[in-house]
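Peer 1: Shown below is the structure under consideration.
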Amino acid sequence: MTYEESAEAPNLIGGIQMSDIPKSIKKLALSRDLKPTIRIGKSGITESLVAEISDQLLTKSVVKIKINRGLFDKNDLKNVWLHLETSTNSRLVSSRGNVGVLWKP
């Protein structure tokens, strides 16, 4: 499923049903107390960055990622989140602008 197809479907984030994500995970992801543990800078998305996200997902339930402003076009951010989801075998719980939260079920 492409991002465009998933965006047209109701109640979907990153191609998955929102109801598939536990309420406790949604609450944690939307909490302001959860600080970004991964920052994507001018190097962009590298293999080592994807490996670091995967490693953190093994030890934590959720990982908050922040992308430096101006690194990607606003319209490209949706595809960046989709790429990170598929690369790390995780689910996007929340994305707001340049900040997203991934969860590994």
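The way I read the labels, and the way they are meant: chains A, B, ... in the order of the structure tokens, residue 1 as the first residue of every chain, and ligand 1 as the first ligand shown, with later ones counted on from there.
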Quick one: DSSP strand (DSSP E) residues in region 4-102 of chain A, as a PyMOL selection string?
Peer 2: chain A and resi 12-13+16-17+38-40+62-67+91-96+99-102
Peer 1: Quick one: residues within 6 Å of Leu102 (chain A), only C-alpha atoms counted, chain neighbours fewer than 6 positions away excluded, as a PyMOL selection string?
Peer 2: chain A and resi 62-63+91-93
Peer 1: Taking the backbone alone, and naming residues the way the document does, which bits of chain A are helix (DSSP H, G or I) by DSSP, as a PyMOL selection string?
Peer 2: chain A and resi 3-8+18-20+23-30+47-59+74-88
Peer 1: May I ask which of the residues A:Ile53, A:Ile21, A:Val80, A:Leu58 is the closest one to Arg39 (chain A), counting only C-alpha atoms?
Peer 2: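 Closest residue, counting only C-alpha atoms: A:Ile53.
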Peer 1: A:Ile65, A:Leu28, A:Leu84, A:Leu57: which is nearest Ile40 (chain A), counting only C-alpha atoms?
Peer 2: A:Ile65
Peer 1: Which polymer residues have any atom within 12 Å of an atom of Ile45 (chain A), counting only C-alpha atoms, with same-chain residues fewer than 4 positions away left out, as an MDAnalysis selection string?
Peer 2: chainID A and resid 38:41 49:53 65:68 71:72 80:81 83:84 87
Peer 1: Could the residues in this selection be saved with C-alpha atoms as an mmCIF file, in the first residue's frame?
Peer 2:
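Just written: again_10.cif:
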data_model
loop_
_atom_site.group_PDB
_atom_site.id
_atom_site.type_symbol
_atom_site.label_atom_id
_atom_site.label_comp_id
_atom_site.auth_asym_id
_atom_site.auth_seq_id
_atom_site.Cartn_x
_atom_site.Cartn_y
_atom_site.Cartn_z
ATOM 1 C CA ILE A 38 16.833 10.244 17.636
ATOM 2 C CA ARG A 39 17.598 13.370 15.644
ATOM 3 C CA ILE A 40 17.944 13.303 11.882
ATOM 4 C CA GLY A 41 20.425 15.960 10.791
ATOM 5 C CA LEU A 49 20.602 5.765 11.701
ATOM 6 C CA VAL A 50 18.125 3.024 10.772
ATOM 7 C CA ALA A 51 20.187 0.540 12.804
ATOM 8 C CA GLU A 52 20.137 2.881 15.817
ATOM 9 C CA ILE A 53 16.349 3.277 15.578
ATOM 10 C CA ILE A 65 12.342 11.020 16.226
ATOM 11 C CA LYS A 66 12.919 14.639 15.308
ATOM 12 C CA ILE A 67 13.971 15.734 11.839
ATOM 13 C CA ASN A 68 15.834 19.024 11.486
ATOM 14 C CA LEU A 71 16.031 18.868 5.696
ATOM 15 C CA PHE A 72 13.015 17.497 3.830
ATOM 16 C CA VAL A 80 10.134 9.708 5.157
ATOM 17 C CA TRP A 81 7.949 8.327 7.973
ATOM 18 C CA HIS A 83 10.336 4.674 4.787
ATOM 19 C CA LEU A 84 11.399 4.587 8.448
ATOM 20 C CA SER A 87 13.049 -0.020 7.304
#
Peer 1: Would you mind reading off the distance between CA of Ala29 (chain A) and CA of Lys64 (chain A), one decimal, in Å?
Peer 2: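 According to the coordinates, CA of Ala29 (chain A) and CA of Lys64 (chain A) are separated by 7.7 Å.
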Peer 1: Of the candidates A:Ser61, A:Ser54, A:Gly100, A:Asp76, which shows the shortest atom-to-atom distance to Thr88 (chain A), using only C-alpha atoms?
Peer 2: A:Ser54
Peer 1: Kindly give the distance, in Å, that separates CA of Glu47 (chain A) and CA of Leu82 (chain A), rounded to a single decimal.
Peer 2: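 So the answer is 15.6 Å.
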